[in-house]
file upload-v8.cif (mmCIF, C-alpha atoms and all ligand atoms)
data_data
#
loop_
_atom_site.label_atom_id
_atom_site.label_comp_id
_atom_site.auth_asym_id
_atom_site.auth_seq_id
_atom_site.Cartn_x
_atom_site.Cartn_y
_atom_site.Cartn_z
CA MET Z 7 34.38 -108.55 -51.73
CA THR Z 8 37.14 -106.94 -53.79
CA THR Z 9 36.79 -104.03 -56.16
CA ALA Z 10 38.35 -102.94 -59.40
CA PRO Z 11 40.16 -99.59 -59.21
CA GLY Z 12 37.91 -96.79 -60.40
CA GLY Z 13 34.64 -98.63 -59.91
CA VAL Z 14 32.79 -101.17 -57.85
CA SER Z 15 32.49 -104.84 -58.78
CA PRO Z 16 29.30 -105.96 -60.55
CA VAL Z 17 28.36 -108.09 -57.52
CA MET Z 18 28.70 -105.14 -55.20
CA ALA Z 19 26.90 -102.76 -57.57
CA ALA Z 20 23.99 -105.24 -57.64
CA ALA Z 21 23.86 -105.46 -53.83
CA LEU Z 22 24.01 -101.66 -53.53
CA THR Z 23 21.27 -100.89 -56.05
CA THR Z 24 18.94 -103.57 -54.64
CA ARG Z 25 19.56 -102.29 -51.09
CA THR Z 26 20.85 -105.69 -49.98
CA PRO Z 27 23.01 -105.35 -46.85
CA LEU Z 28 26.67 -106.11 -47.49
CA LEU Z 29 30.09 -105.95 -45.85
CA TRP Z 30 32.87 -104.37 -47.88
CA LEU Z 31 36.48 -104.88 -46.73
CA ASN Z 32 39.04 -102.16 -47.34
CA PRO Z 33 41.92 -103.66 -49.35
CA ALA Z 34 44.21 -100.75 -48.34
CA ARG Z 35 44.07 -101.69 -44.65
CA GLU Z 36 47.00 -103.98 -44.03
CA PRO Z 37 47.83 -106.16 -41.02
CA GLY Z 38 50.47 -104.99 -38.58
CA ARG Z 39 50.71 -101.35 -39.60
CA ALA Z 40 50.54 -98.65 -36.96
CA GLU Z 41 49.03 -95.29 -37.82
CA THR Z 42 50.34 -92.15 -36.15
CA ALA Z 43 49.32 -89.44 -38.63
CA GLY Z 44 47.51 -86.53 -37.03
CA SER Z 45 48.51 -87.28 -33.48
CA ALA Z 46 49.84 -83.75 -32.75
CA GLU Z 47 46.63 -82.17 -33.98
CA PHE Z 48 44.56 -84.66 -31.98
CA ALA Z 49 46.56 -84.05 -28.79
CA GLU Z 50 45.99 -80.31 -29.26
CA ALA Z 51 42.23 -80.94 -29.54
CA ALA Z 52 42.24 -83.07 -26.38
CA ASP Z 53 44.14 -80.29 -24.59
CA ARG Z 54 41.69 -77.64 -25.85
CA LEU Z 55 38.69 -79.62 -24.63
CA ALA Z 56 40.40 -80.09 -21.25
CA ARG Z 57 40.98 -76.32 -21.04
CA ALA Z 58 37.29 -75.81 -21.87
CA ALA Z 59 35.98 -77.90 -18.95
CA ASN Z 60 35.54 -74.94 -16.58
CA LEU Z 61 33.89 -72.88 -19.30
CA LEU Z 62 31.46 -75.65 -20.25
CA ALA Z 63 30.54 -76.35 -16.62
CA THR Z 64 29.80 -72.62 -16.24
CA LEU Z 65 27.71 -72.35 -19.41
CA PHE Z 66 25.73 -75.57 -18.95
CA PRO Z 67 24.46 -76.61 -15.50
CA GLU Z 68 23.87 -80.15 -16.83
CA LEU Z 69 27.65 -80.55 -17.25
CA ARG Z 70 28.55 -79.55 -13.69
CA GLU Z 71 28.47 -83.06 -12.30
CA ALA Z 72 30.90 -84.17 -15.03
CA ARG Z 73 32.99 -81.03 -14.32
CA GLY Z 74 32.61 -79.95 -17.91
CA VAL Z 75 34.23 -83.07 -19.36
CA ILE Z 76 32.61 -84.12 -22.64
CA ASP Z 77 32.66 -87.90 -22.40
CA SER Z 78 30.28 -90.83 -22.06
CA PRO Z 79 30.28 -94.09 -20.11
CA LEU Z 80 31.68 -97.36 -21.43
CA LEU Z 81 29.02 -99.98 -20.67
CA ALA Z 82 29.23 -103.78 -20.64
CA ALA Z 83 26.27 -105.04 -22.69
CA THR Z 84 25.80 -108.66 -21.65
CA ARG Z 85 22.08 -108.93 -22.35
CA LEU Z 86 22.37 -107.14 -25.67
CA GLN Z 87 25.23 -109.50 -26.58
CA GLY Z 88 22.86 -112.42 -26.08
CA ALA Z 89 20.10 -110.76 -28.07
CA LEU Z 90 22.48 -110.02 -30.97
CA GLY Z 91 23.62 -113.66 -30.93
CA LEU Z 92 27.30 -113.00 -30.26
CA PRO Z 93 28.69 -116.06 -28.42
CA ALA Z 94 31.14 -115.50 -25.53
CA ALA Z 95 33.72 -117.48 -27.53
CA SER Z 96 33.68 -114.62 -30.07
CA GLY Z 97 34.48 -111.88 -27.54
CA LYS Z 98 32.73 -109.47 -25.20
CA LEU Z 99 30.28 -106.73 -26.20
CA PHE Z 100 30.47 -103.15 -24.90
CA ILE Z 101 28.68 -99.90 -25.69
CA LYS Z 102 30.34 -96.48 -25.88
CA ALA Z 103 27.29 -94.46 -24.88
CA ASP Z 104 27.78 -91.18 -26.74
CA HIS Z 105 24.00 -90.83 -27.00
CA LEU Z 106 24.33 -89.66 -23.38
CA LEU Z 107 26.82 -86.86 -24.17
CA GLY Z 108 25.71 -83.72 -22.38
CA VAL Z 109 23.90 -80.73 -23.93
CA ALA Z 110 23.96 -81.90 -27.57
CA GLY Z 111 22.78 -85.49 -26.95
CA SER Z 112 25.01 -86.96 -29.65
CA VAL Z 113 28.56 -87.67 -30.76
CA LYS Z 114 28.48 -84.20 -32.40
CA ALA Z 115 29.25 -82.70 -28.99
CA ARG Z 116 32.83 -83.90 -29.50
CA GLY Z 117 33.61 -82.46 -32.95
CA GLY Z 118 31.13 -79.57 -32.94
CA PHE Z 119 32.07 -78.17 -29.54
CA HIS Z 120 35.73 -78.48 -30.41
CA GLU Z 121 35.44 -76.41 -33.58
CA VAL Z 122 33.35 -73.67 -31.93
CA LEU Z 123 35.82 -73.52 -29.03
CA ALA Z 124 38.82 -73.36 -31.37
CA HIS Z 125 37.23 -70.49 -33.32
CA ALA Z 126 36.23 -68.57 -30.17
CA GLU Z 127 39.71 -69.09 -28.70
CA ARG Z 128 41.35 -67.71 -31.86
CA LEU Z 129 39.14 -64.59 -31.78
CA ALA Z 130 39.87 -64.06 -28.08
CA ILE Z 131 43.63 -64.41 -28.59
CA ASP Z 132 43.59 -62.01 -31.56
CA ALA Z 133 41.64 -59.48 -29.46
CA GLY Z 134 44.21 -59.74 -26.66
CA LEU Z 135 41.73 -61.27 -24.19
CA MET Z 136 43.81 -64.38 -23.48
CA GLN Z 137 47.16 -66.08 -24.04
CA PRO Z 138 47.48 -69.25 -26.13
CA GLY Z 139 47.17 -72.36 -23.95
CA ALA Z 140 45.26 -70.62 -21.13
CA ASP Z 141 42.09 -71.86 -19.46
CA LEU Z 142 39.11 -71.09 -21.71
CA ALA Z 143 36.92 -69.90 -18.80
CA VAL Z 144 37.69 -66.35 -20.02
CA LEU Z 145 35.47 -66.98 -23.07
CA ALA Z 146 32.46 -66.43 -20.79
CA SER Z 147 33.67 -62.96 -19.71
CA PRO Z 148 31.65 -59.85 -20.67
CA GLN Z 149 34.51 -58.69 -22.92
CA ALA Z 150 34.50 -61.97 -24.82
CA ARG Z 151 30.71 -61.94 -25.14
CA ALA Z 152 30.80 -58.41 -26.55
CA LEU Z 153 33.35 -59.60 -29.12
CA PHE Z 154 31.31 -62.67 -30.11
CA ALA Z 155 28.04 -60.70 -30.34
CA GLN Z 156 29.34 -59.06 -33.53
CA ARG Z 157 30.05 -62.42 -35.15
CA SER Z 158 28.13 -65.33 -36.66
CA ILE Z 159 28.83 -69.03 -36.65
CA ALA Z 160 26.95 -70.96 -39.36
CA VAL Z 161 26.55 -74.66 -40.16
CA GLY Z 162 24.56 -76.96 -42.45
CA SER Z 163 23.18 -80.13 -40.90
CA THR Z 164 20.64 -82.96 -40.87
CA GLY Z 165 20.09 -82.01 -37.22
CA ASN Z 166 22.65 -83.16 -34.70
CA LEU Z 167 25.65 -81.14 -35.84
CA GLY Z 168 23.36 -78.11 -35.95
CA MET Z 169 22.38 -78.84 -32.35
CA SER Z 170 25.94 -78.98 -31.08
CA ILE Z 171 27.22 -75.96 -33.04
CA GLY Z 172 24.06 -73.90 -32.56
CA ILE Z 173 23.73 -74.50 -28.83
CA LEU Z 174 27.34 -73.76 -27.92
CA ALA Z 175 27.69 -70.82 -30.32
CA ALA Z 176 24.50 -69.22 -28.95
CA ALA Z 177 25.58 -69.86 -25.35
CA LEU Z 178 28.86 -68.03 -26.00
CA GLY Z 179 26.94 -65.06 -27.40
CA PHE Z 180 27.55 -65.60 -31.13
CA ARG Z 181 24.78 -65.20 -33.66
CA ALA Z 182 24.22 -68.89 -34.44
CA VAL Z 183 22.79 -69.78 -37.87
CA VAL Z 184 21.82 -73.39 -38.58
CA HIS Z 185 20.84 -74.50 -42.09
CA MET Z 186 18.72 -77.65 -41.76
CA SER Z 187 17.97 -80.24 -44.45
CA SER Z 188 14.40 -81.42 -45.07
CA ASP Z 189 14.96 -84.65 -43.07
CA ALA Z 190 15.86 -82.76 -39.87
CA LYS Z 191 13.39 -83.45 -37.07
CA ALA Z 192 10.99 -80.69 -36.00
CA TRP Z 193 11.92 -81.09 -32.33
CA LYS Z 194 15.58 -80.40 -33.11
CA LYS Z 195 14.67 -77.16 -34.88
CA GLN Z 196 12.48 -76.16 -31.95
CA ALA Z 197 15.16 -76.94 -29.36
CA LEU Z 198 17.66 -74.84 -31.30
CA ARG Z 199 15.32 -71.88 -31.56
CA GLN Z 200 14.67 -72.09 -27.82
CA ARG Z 201 18.40 -71.86 -27.21
CA GLY Z 202 18.58 -68.69 -29.33
CA ALA Z 203 19.84 -70.05 -32.65
CA LEU Z 204 18.46 -68.94 -36.01
CA VAL Z 205 17.19 -72.00 -37.91
CA ILE Z 206 16.89 -71.80 -41.69
CA GLU Z 207 14.96 -74.67 -43.26
CA HIS Z 208 15.76 -76.06 -46.70
CA ASP Z 209 13.74 -78.32 -48.96
CA GLY Z 210 16.78 -80.23 -50.15
CA ASP Z 211 19.06 -82.89 -48.69
CA TYR Z 212 22.04 -82.59 -46.36
CA ALA Z 213 24.51 -81.64 -49.11
CA GLN Z 214 22.23 -78.80 -50.23
CA ALA Z 215 21.84 -77.47 -46.68
CA VAL Z 216 25.62 -77.45 -46.29
CA ALA Z 217 26.07 -75.70 -49.67
CA ALA Z 218 23.49 -73.04 -48.75
CA GLY Z 219 25.20 -72.37 -45.43
CA ARG Z 220 28.63 -72.22 -47.02
CA GLU Z 221 27.43 -69.74 -49.66
CA GLU Z 222 25.59 -67.45 -47.24
CA SER Z 223 28.50 -67.44 -44.84
CA ARG Z 224 30.96 -66.65 -47.64
CA GLN Z 225 29.17 -63.36 -48.29
CA ASP Z 226 29.63 -62.16 -44.71
CA VAL Z 227 33.17 -61.48 -43.43
CA ASN Z 228 31.96 -61.67 -39.84
CA SER Z 229 30.56 -65.16 -40.34
CA TYR Z 230 32.48 -68.37 -39.68
CA PHE Z 231 31.23 -71.52 -41.40
CA VAL Z 232 31.70 -74.97 -39.85
CA ASP Z 233 32.11 -77.13 -42.95
CA ASP Z 234 31.04 -80.67 -42.09
CA GLU Z 235 32.24 -81.89 -45.49
CA ASN Z 236 35.75 -80.55 -45.03
CA SER Z 237 36.88 -79.78 -41.48
CA SER Z 238 40.06 -80.86 -39.69
CA LEU Z 239 38.89 -79.15 -36.49
CA LEU Z 240 35.76 -81.33 -36.35
CA LEU Z 241 37.85 -84.41 -37.09
CA ALA Z 242 40.33 -83.57 -34.32
CA GLY Z 243 37.51 -83.04 -31.81
CA TYR Z 244 36.16 -86.51 -32.53
CA ALA Z 245 39.66 -88.02 -32.40
CA ALA Z 246 40.23 -86.49 -28.96
CA CYS Z 247 38.00 -89.19 -27.46
CA ALA Z 248 40.81 -91.74 -27.83
CA PRO Z 249 42.77 -91.13 -24.60
CA LEU Z 250 39.50 -91.01 -22.63
CA LEU Z 251 38.39 -94.34 -24.08
CA ALA Z 252 41.84 -95.83 -23.46
CA ALA Z 253 41.50 -95.01 -19.76
CA GLN Z 254 38.05 -96.63 -19.65
CA LEU Z 255 39.22 -99.74 -21.48
CA GLY Z 256 42.22 -99.98 -19.17
CA ALA Z 257 39.99 -99.78 -16.09
CA ALA Z 258 37.87 -102.60 -17.53
CA GLY Z 259 40.99 -104.72 -18.12
CA ARG Z 260 40.51 -104.53 -21.88
CA LEU Z 261 43.33 -102.33 -23.15
CA PRO Z 262 43.83 -103.37 -26.80
CA SER Z 263 46.94 -105.44 -27.55
CA GLN Z 264 48.10 -108.18 -29.90
CA ASP Z 265 46.14 -110.68 -27.83
CA LYS Z 266 43.14 -108.45 -27.09
CA PRO Z 267 41.93 -106.91 -30.36
CA LEU Z 268 39.40 -104.08 -30.29
CA LEU Z 269 36.66 -104.10 -32.94
CA VAL Z 270 34.66 -100.88 -33.17
CA TYR Z 271 31.36 -100.38 -35.01
CA LEU Z 272 30.64 -96.75 -35.92
CA PRO Z 273 27.55 -95.22 -37.60
CA CYS Z 274 28.73 -93.13 -40.56
CA GLY Z 275 27.16 -90.11 -42.26
CA VAL Z 276 29.54 -87.72 -44.02
CA GLY Z 277 32.38 -89.50 -42.20
CA GLY Z 278 33.73 -86.92 -39.74
CA ALA Z 279 32.63 -88.55 -36.50
CA PRO Z 280 33.52 -92.17 -37.32
CA GLY Z 281 36.61 -91.05 -39.27
CA GLY Z 282 37.94 -88.90 -36.45
CA ILE Z 283 37.27 -91.60 -33.87
CA ALA Z 284 38.95 -94.24 -36.06
CA LEU Z 285 42.01 -92.02 -36.59
CA GLY Z 286 42.26 -91.20 -32.90
CA LEU Z 287 42.02 -94.85 -31.90
CA ALA Z 288 44.48 -95.93 -34.60
CA GLY Z 289 46.96 -93.37 -33.27
CA LEU Z 290 46.79 -94.95 -29.82
CA PHE Z 291 46.23 -98.64 -30.52
CA GLY Z 292 47.82 -99.02 -33.98
CA PRO Z 293 47.21 -102.43 -35.53
CA HIS Z 294 45.19 -103.68 -32.54
CA VAL Z 295 42.07 -101.66 -33.35
CA HIS Z 296 39.72 -102.51 -36.22
CA CYS Z 297 37.10 -99.89 -37.14
CA PHE Z 298 34.08 -100.79 -39.23
CA PHE Z 299 31.62 -98.12 -40.37
CA ALA Z 300 27.87 -98.71 -40.68
CA GLU Z 301 25.70 -96.94 -43.26
CA PRO Z 302 22.03 -97.15 -44.28
CA VAL Z 303 21.38 -99.15 -47.47
CA ALA Z 304 19.93 -95.93 -48.97
CA SER Z 305 23.00 -93.79 -48.11
CA PRO Z 306 26.23 -95.82 -48.33
CA CYS Z 307 28.29 -92.78 -49.32
CA MET Z 308 31.53 -93.70 -47.55
CA LEU Z 309 31.41 -97.31 -48.73
CA LEU Z 310 31.09 -96.07 -52.32
CA GLN Z 311 33.75 -93.40 -51.90
CA MET Z 312 36.28 -95.85 -50.48
CA ALA Z 313 35.42 -98.54 -53.01
CA VAL Z 314 35.96 -96.28 -56.03
CA GLY Z 315 38.94 -94.52 -54.44
CA PRO Z 316 39.06 -91.37 -52.27
CA GLU Z 317 39.97 -89.07 -55.17
CA GLN Z 318 36.93 -89.87 -57.34
CA ASP Z 319 33.64 -88.00 -57.35
CA VAL Z 320 30.74 -90.31 -56.50
CA SER Z 321 27.32 -90.05 -54.84
CA VAL Z 322 24.69 -92.57 -53.77
CA TYR Z 323 22.33 -91.08 -56.39
CA ASP Z 324 24.70 -92.45 -59.08
CA TYR Z 325 23.60 -95.92 -57.95
CA GLY Z 326 19.89 -95.20 -58.14
CA LEU Z 327 19.56 -94.82 -54.36
CA ASP Z 328 17.27 -92.19 -52.83
CA ASN Z 329 19.12 -91.30 -49.59
CA LYS Z 330 15.86 -91.78 -47.65
CA THR Z 331 16.38 -93.53 -44.31
CA ALA Z 332 15.03 -93.70 -40.76
CA ALA Z 333 18.59 -92.78 -39.74
CA ASP Z 334 18.19 -89.03 -40.32
CA GLY Z 335 21.73 -88.35 -39.02
CA LEU Z 336 23.18 -90.65 -41.69
CA ALA Z 337 21.19 -89.38 -44.69
CA VAL Z 338 24.23 -88.08 -46.57
CA PRO Z 339 24.64 -88.59 -50.34
CA ARG Z 340 28.36 -87.78 -50.66
CA ALA Z 341 31.16 -88.56 -48.22
CA SER Z 342 33.73 -86.03 -47.03
CA ALA Z 343 36.69 -86.20 -49.41
CA LEU Z 344 38.97 -85.02 -46.61
CA VAL Z 345 37.92 -87.87 -44.35
CA ALA Z 346 38.00 -90.46 -47.13
CA SER Z 347 41.62 -89.67 -47.97
CA ARG Z 348 42.71 -89.61 -44.34
CA ILE Z 349 41.19 -92.95 -43.38
CA GLU Z 350 42.33 -94.73 -46.54
CA ARG Z 351 44.66 -97.11 -44.71
CA VAL Z 352 42.96 -97.07 -41.31
CA LEU Z 353 39.39 -98.11 -42.10
CA SER Z 354 38.79 -101.87 -41.89
CA GLY Z 355 35.50 -102.00 -43.78
CA VAL Z 356 31.94 -100.73 -44.16
CA PHE Z 357 28.64 -102.61 -43.87
CA THR Z 358 25.13 -101.46 -44.74
CA VAL Z 359 21.93 -101.76 -42.69
CA THR Z 360 18.22 -101.61 -43.49
CA ASP Z 361 15.69 -99.40 -41.68
CA GLU Z 362 14.22 -102.60 -40.18
CA GLN Z 363 17.62 -103.44 -38.67
CA LEU Z 364 17.99 -99.89 -37.32
CA LEU Z 365 14.63 -100.01 -35.58
CA SER Z 366 15.21 -103.54 -34.25
CA GLY Z 367 18.53 -102.37 -32.82
CA LEU Z 368 16.84 -99.40 -31.18
CA LEU Z 369 14.28 -101.75 -29.62
CA ARG Z 370 16.95 -104.24 -28.40
CA ALA Z 371 18.97 -101.42 -26.78
CA TYR Z 372 15.86 -100.39 -24.88
CA GLU Z 373 14.73 -103.89 -23.89
CA CYS Z 374 18.15 -105.28 -22.98
CA GLU Z 375 20.03 -102.27 -21.59
CA GLN Z 376 17.32 -99.62 -20.96
CA LEU Z 377 19.05 -97.24 -23.35
CA GLU Z 378 17.09 -94.75 -25.44
CA ILE Z 379 18.98 -94.23 -28.66
CA GLU Z 380 17.94 -92.82 -32.04
CA PRO Z 381 17.73 -95.01 -35.18
CA SER Z 382 21.09 -93.78 -36.54
CA ALA Z 383 22.81 -94.82 -33.33
CA ALA Z 384 21.79 -98.46 -33.82
CA ALA Z 385 23.50 -98.74 -37.22
CA GLY Z 386 26.53 -100.54 -35.79
CA PHE Z 387 24.54 -103.32 -34.10
CA PRO Z 388 24.72 -105.89 -36.93
CA GLY Z 389 28.53 -105.41 -36.98
CA PRO Z 390 29.68 -108.21 -34.66
CA SER Z 391 27.61 -110.74 -36.64
CA TRP Z 392 29.00 -109.46 -39.94
CA ILE Z 393 32.54 -109.99 -38.69
CA THR Z 394 32.11 -113.31 -36.91
CA SER Z 395 29.51 -115.03 -39.12
CA SER Z 396 29.71 -113.84 -42.75
CA ASP Z 397 32.08 -114.98 -45.49
CA ALA Z 398 33.60 -111.51 -45.79
CA GLY Z 399 33.95 -111.30 -42.01
CA ARG Z 400 35.71 -114.65 -41.84
CA GLU Z 401 38.04 -113.49 -44.62
CA TYR Z 402 38.92 -110.46 -42.47
CA ILE Z 403 39.50 -112.58 -39.37
CA GLU Z 404 41.84 -114.81 -41.33
CA ARG Z 405 43.72 -111.98 -43.03
CA PHE Z 406 44.34 -110.27 -39.67
CA ASP Z 407 44.96 -113.52 -37.82
CA LEU Z 408 42.24 -112.82 -35.27
CA GLY Z 409 40.76 -116.33 -35.05
CA GLU Z 410 42.67 -117.52 -32.00
CA ARG Z 411 42.23 -114.16 -30.27
CA LEU Z 412 38.53 -113.66 -30.83
CA ALA Z 413 37.56 -114.97 -27.38
CA ASP Z 414 39.55 -112.08 -25.85
CA ALA Z 415 38.27 -109.51 -28.34
CA THR Z 416 36.32 -106.43 -27.31
CA HIS Z 417 33.42 -105.53 -29.62
CA LEU Z 418 32.42 -101.90 -29.17
CA LEU Z 419 29.12 -100.51 -30.44
CA TRP Z 420 29.24 -96.72 -30.56
CA THR Z 421 25.72 -95.41 -29.80
CA THR Z 422 26.03 -91.97 -31.35
CA GLY Z 423 22.84 -90.15 -30.40
CA GLY Z 424 19.42 -90.18 -28.84
CA SER Z 425 19.16 -88.89 -25.28
CA LEU Z 426 17.34 -85.73 -26.42
CA VAL Z 427 14.76 -87.60 -28.54
CA PRO Z 428 11.31 -86.81 -27.07
CA ARG Z 429 9.97 -89.84 -25.14
CA GLU Z 430 6.88 -89.97 -27.31
CA ASP Z 431 8.99 -90.16 -30.48
CA HIS Z 432 11.03 -92.97 -28.97
CA ARG Z 433 7.88 -94.87 -28.06
CA LYS Z 434 6.74 -94.58 -31.69
CA PHE Z 435 10.07 -95.94 -32.95
CA ARG Z 436 9.66 -98.96 -30.64
CA GLU Z 437 6.10 -99.53 -31.82
CA GLN Z 438 7.22 -99.38 -35.43
CA ALA Z 439 10.00 -101.88 -34.65
CA ILE Z 440 7.57 -104.29 -33.02
CA GLN Z 441 5.18 -104.06 -35.98
CA LEU Z 442 7.99 -104.71 -38.47
CA GLU Z 443 9.28 -107.67 -36.45
CA ASN Z 444 5.81 -109.18 -36.19
CA ALA Z 445 5.26 -108.74 -39.93
CA ALA Z 446 8.59 -110.36 -40.80
C1 LIG Z 501 26.26 -87.23 -37.33
C2 LIG Z 501 25.94 -88.53 -36.77
C3 LIG Z 501 26.64 -89.68 -37.11
C4 LIG Z 501 27.73 -89.73 -38.14
O1 LIG Z 501 28.65 -88.69 -38.13
P1 LIG Z 501 29.23 -88.13 -39.50
O2 LIG Z 501 30.29 -87.18 -39.10
O3 LIG Z 501 28.12 -87.48 -40.24
O4 LIG Z 501 29.74 -89.32 -40.26
C5 LIG Z 501 26.25 -90.85 -36.49
N1 LIG Z 501 25.25 -90.90 -35.61
C6 LIG Z 501 24.56 -89.81 -35.25
C7 LIG Z 501 23.47 -89.94 -34.26
C8 LIG Z 501 24.88 -88.59 -35.82
O5 LIG Z 501 24.18 -87.52 -35.46
#

call {"tool": "encode", "arguments": {"input": "upload-v8.cif", "output": "structure tokens", "more": "lines below"}}
Ligand SMILES: *Cc1c(COP(=O)(O)O)cnc(C)c1O
result
Amino acid sequence: MTTAPGGVSPVMAAALTTRTPLLWLNPAREPGRAETAGSAEFAEAADRLARAANLLATLFPELREARGVIDSPLLAATRLQGALGLPAASGKLFIKADHLLGVAGSVKARGGFHEVLAHAERLAIDAGLMQPGADLAVLASPQARALFAQRSIAVGSTGNLGMSIGILAAALGFRAVVHMSSDAKAWKKQALRQRGALVIEHDGDYAQAVAAGREESRQDVNSYFVDDENSSLLLAGYAACAPLLAAQLGAAGRLPSQDKPLLVYLPCGVGGAPGGIALGLAGLFGPHVHCFFAEPVASPCMLLQMAVGPEQDVSVYDYGLDNKTAADGLAVPRASALVASRIERVLSGVFTVTDEQLLSGLLRAYECEQLEIEPSAAAGFPGPSWITSSDAGREYIERFDLGERLADATHLLWTTGGSLVPREDHRKFREQAIQLENAA
């Protein structure tokens, strides 16, 4: 599907407003181009997270076994591949299991922890408590805690970013303030309060929670605001996963190359997590990685933003959509302009998914692989079928000359959250999925 500059095509507008799933291909992504922008910043983030390993293992007993490394397993998903109907001739399916990321239980551990660490490190350096480039273990010292106790870190969130920022900020001794949108789950608010964060509830959507946090933080010079709509530090934290994933792919004999393309399917909200990951992977694998974002049919903010052009102002409400979805982490009306401009030539495309598809994906992950993910984290599951079996997907395969190489392709579903979901809530999601499948 192609688009006119400055607007979306009538066919696409019709699909969007009627909530019909679609795959949009990014015309600005060209074959054979390598992307290296941002690599210095991303390497710095990877280094910072490595220097934080001792600190994190000290603060959080659950990270001791992993020695404080924030990373998740790469899992072969043979049974799920069968259930999703992806033939072996079209490649091999894997899961990057970020729903298992320690402490925060979602991909937000990558970006969120990185930004809190970067801010705490800056304060500690300015106060003469450490040298640049040193191990961050010193951030748990009594002197550092006394420094942080006079400061706030604030964030606006649908839930998961609040969890990652709030938990780490509180553990370091900051006053942690989390502005939550109305769709945020009660158990996330409760978990945050238990960890010592101040949770402020808002009636409005994600964008309003972010705006409220930004405004309140602006009035307090001792408050630092993590701006999910506009943060290079979050982006760099997400991008820092790339070298870790490269090592895992290498060990599995699937390092991306001309003959072994990597196709990645990433759930997208405001765009920071999937955008950072896509940029990090593009920096390492250049033209051999193809990143597709997945958004709910009610909240396709990045699809719209990229289709009309990164510089234009657009929201899902402009298309009569209500931003109401079972994927609470993806209920975002307006994409990050920063991310949209940075991924302009990296993003391969965006597809949309219904709530029924999200819940079915959640159920399949449980049945086939015994994984407990949240609805948002299943958004990427229809991706391999979109690419291998739709008209738009076949157009992409032809344009990038992937046809002959598909058998050696790696399809990677990024499961972005879920391990902290209460068991009872997960059981209800599965029941709902079964009811919807029986009714269909
Ligand atoms: C936040 C989130 C995403 C998307 O990240 P954005 O930075 O908002 O695009 C995807 N899945 C889950 C579970 C999330 O919490």

call {"tool": "residues_near_ligand", "arguments": {"input": "upload-v8.cif", "ligand": "ligand LIG 501 (chain Z)", "cutoff": "7 Å", "atoms": "all atoms listed in the file", "output": "list in words"}}
result
Ser112, Val113, Lys114, Asn166, Leu167, Pro273, Cys274, Gly275, Val276, Gly277, Gly278, Ala279, Pro280, Gly335, Leu336, Glu380, Ser382, Ala383, Thr422, Gly423 and Gly424 of chain Z

call {"tool": "residues_around", "arguments": {"input": "upload-v8.cif", "residues": "Z:Arg411", "least_positions_apart": "3", "cutoff": "6 Å", "atoms": "all atoms listed in the file", "output": "PyMOL selection string"}}
result
chain Z and resi 265+408+414

call {"tool": "residues_around", "arguments": {"input": "upload-v8.cif", "residues": "stretch 13-20 of chain Z", "least_positions_apart": "5", "cutoff": "12 Å", "atoms": "all atoms listed in the file", "output": "JSON, numbers by chain"}}
result
{"Z": [7, 8, 25, 26, 27, 28, 29, 30, 31, 306, 309, 310, 311, 312, 313, 314, 315, 316, 317, 318, 319, 320, 322, 324, 325, 326, 327, 357, 358]}

call {"tool": "atom_distance", "arguments": {"input": "upload-v8.cif", "atom1": "atom CA of Z:Val270", "atom2": "atom CA of Z:Ala213"}}
result
27.0 Å

call {"tool": "closest_residue", "arguments": {"input": "upload-v8.cif", "among": "Z:Leu426, Z:Ala215, Z:Glu373, Z:Glu401", "to": "Z:Ala83", "atoms": "only C-alpha atoms"}}
result
Z:Glu373

call {"tool": "residues_around", "arguments": {"input": "upload-v8.cif", "residues": "stretch 56-63 of chain Z", "least_positions_apart": "6", "cutoff": "10 Å", "atoms": "all atoms listed in the file", "output": "PDB file with C-alpha atoms, in the coordinates of the input"}}
result
ATOM      1  CA  GLU Z  50      45.990 -80.310 -29.260  1.00  0.00           C
ATOM      2  CA  LEU Z  69      27.650 -80.550 -17.250  1.00  0.00           C
ATOM      3  CA  ARG Z  70      28.550 -79.550 -13.690  1.00  0.00           C
ATOM      4  CA  GLU Z  71      28.470 -83.060 -12.300  1.00  0.00           C
ATOM      5  CA  ALA Z  72      30.900 -84.170 -15.030  1.00  0.00           C
ATOM      6  CA  ARG Z  73      32.990 -81.030 -14.320  1.00  0.00           C
ATOM      7  CA  GLY Z  74      32.610 -79.950 -17.910  1.00  0.00           C
ATOM      8  CA  VAL Z  75      34.230 -83.070 -19.360  1.00  0.00           C
ATOM      9  CA  ILE Z  76      32.610 -84.120 -22.640  1.00  0.00           C
ATOM     10  CA  VAL Z 109      23.900 -80.730 -23.930  1.00  0.00           C
ATOM     11  CA  PHE Z 119      32.070 -78.170 -29.540  1.00  0.00           C
ATOM     12  CA  HIS Z 120      35.730 -78.480 -30.410  1.00  0.00           C
ATOM     13  CA  LEU Z 123      35.820 -73.520 -29.030  1.00  0.00           C
ATOM     14  CA  ALA Z 124      38.820 -73.360 -31.370  1.00  0.00           C
ATOM     15  CA  GLU Z 127      39.710 -69.090 -28.700  1.00  0.00           C
ATOM     16  CA  GLY Z 139      47.170 -72.360 -23.950  1.00  0.00           C
ATOM     17  CA  ALA Z 140      45.260 -70.620 -21.130  1.00  0.00           C
ATOM     18  CA  ASP Z 141      42.090 -71.860 -19.460  1.00  0.00           C
ATOM     19  CA  LEU Z 142      39.110 -71.090 -21.710  1.00  0.00           C
ATOM     20  CA  ALA Z 143      36.920 -69.900 -18.800  1.00  0.00           C
ATOM     21  CA  VAL Z 144      37.690 -66.350 -20.020  1.00  0.00           C
ATOM     22  CA  LEU Z 145      35.470 -66.980 -23.070  1.00  0.00           C
ATOM     23  CA  ALA Z 146      32.460 -66.430 -20.790  1.00  0.00           C
ATOM     24  CA  SER Z 147      33.670 -62.960 -19.710  1.00  0.00           C
ATOM     25  CA  LEU Z 174      27.340 -73.760 -27.920  1.00  0.00           C
ATOM     26  CA  ALA Z 177      25.580 -69.860 -25.350  1.00  0.00           C
ATOM     27  CA  LEU Z 178      28.860 -68.030 -26.000  1.00  0.00           C
TER      28      LEU Z 178
END
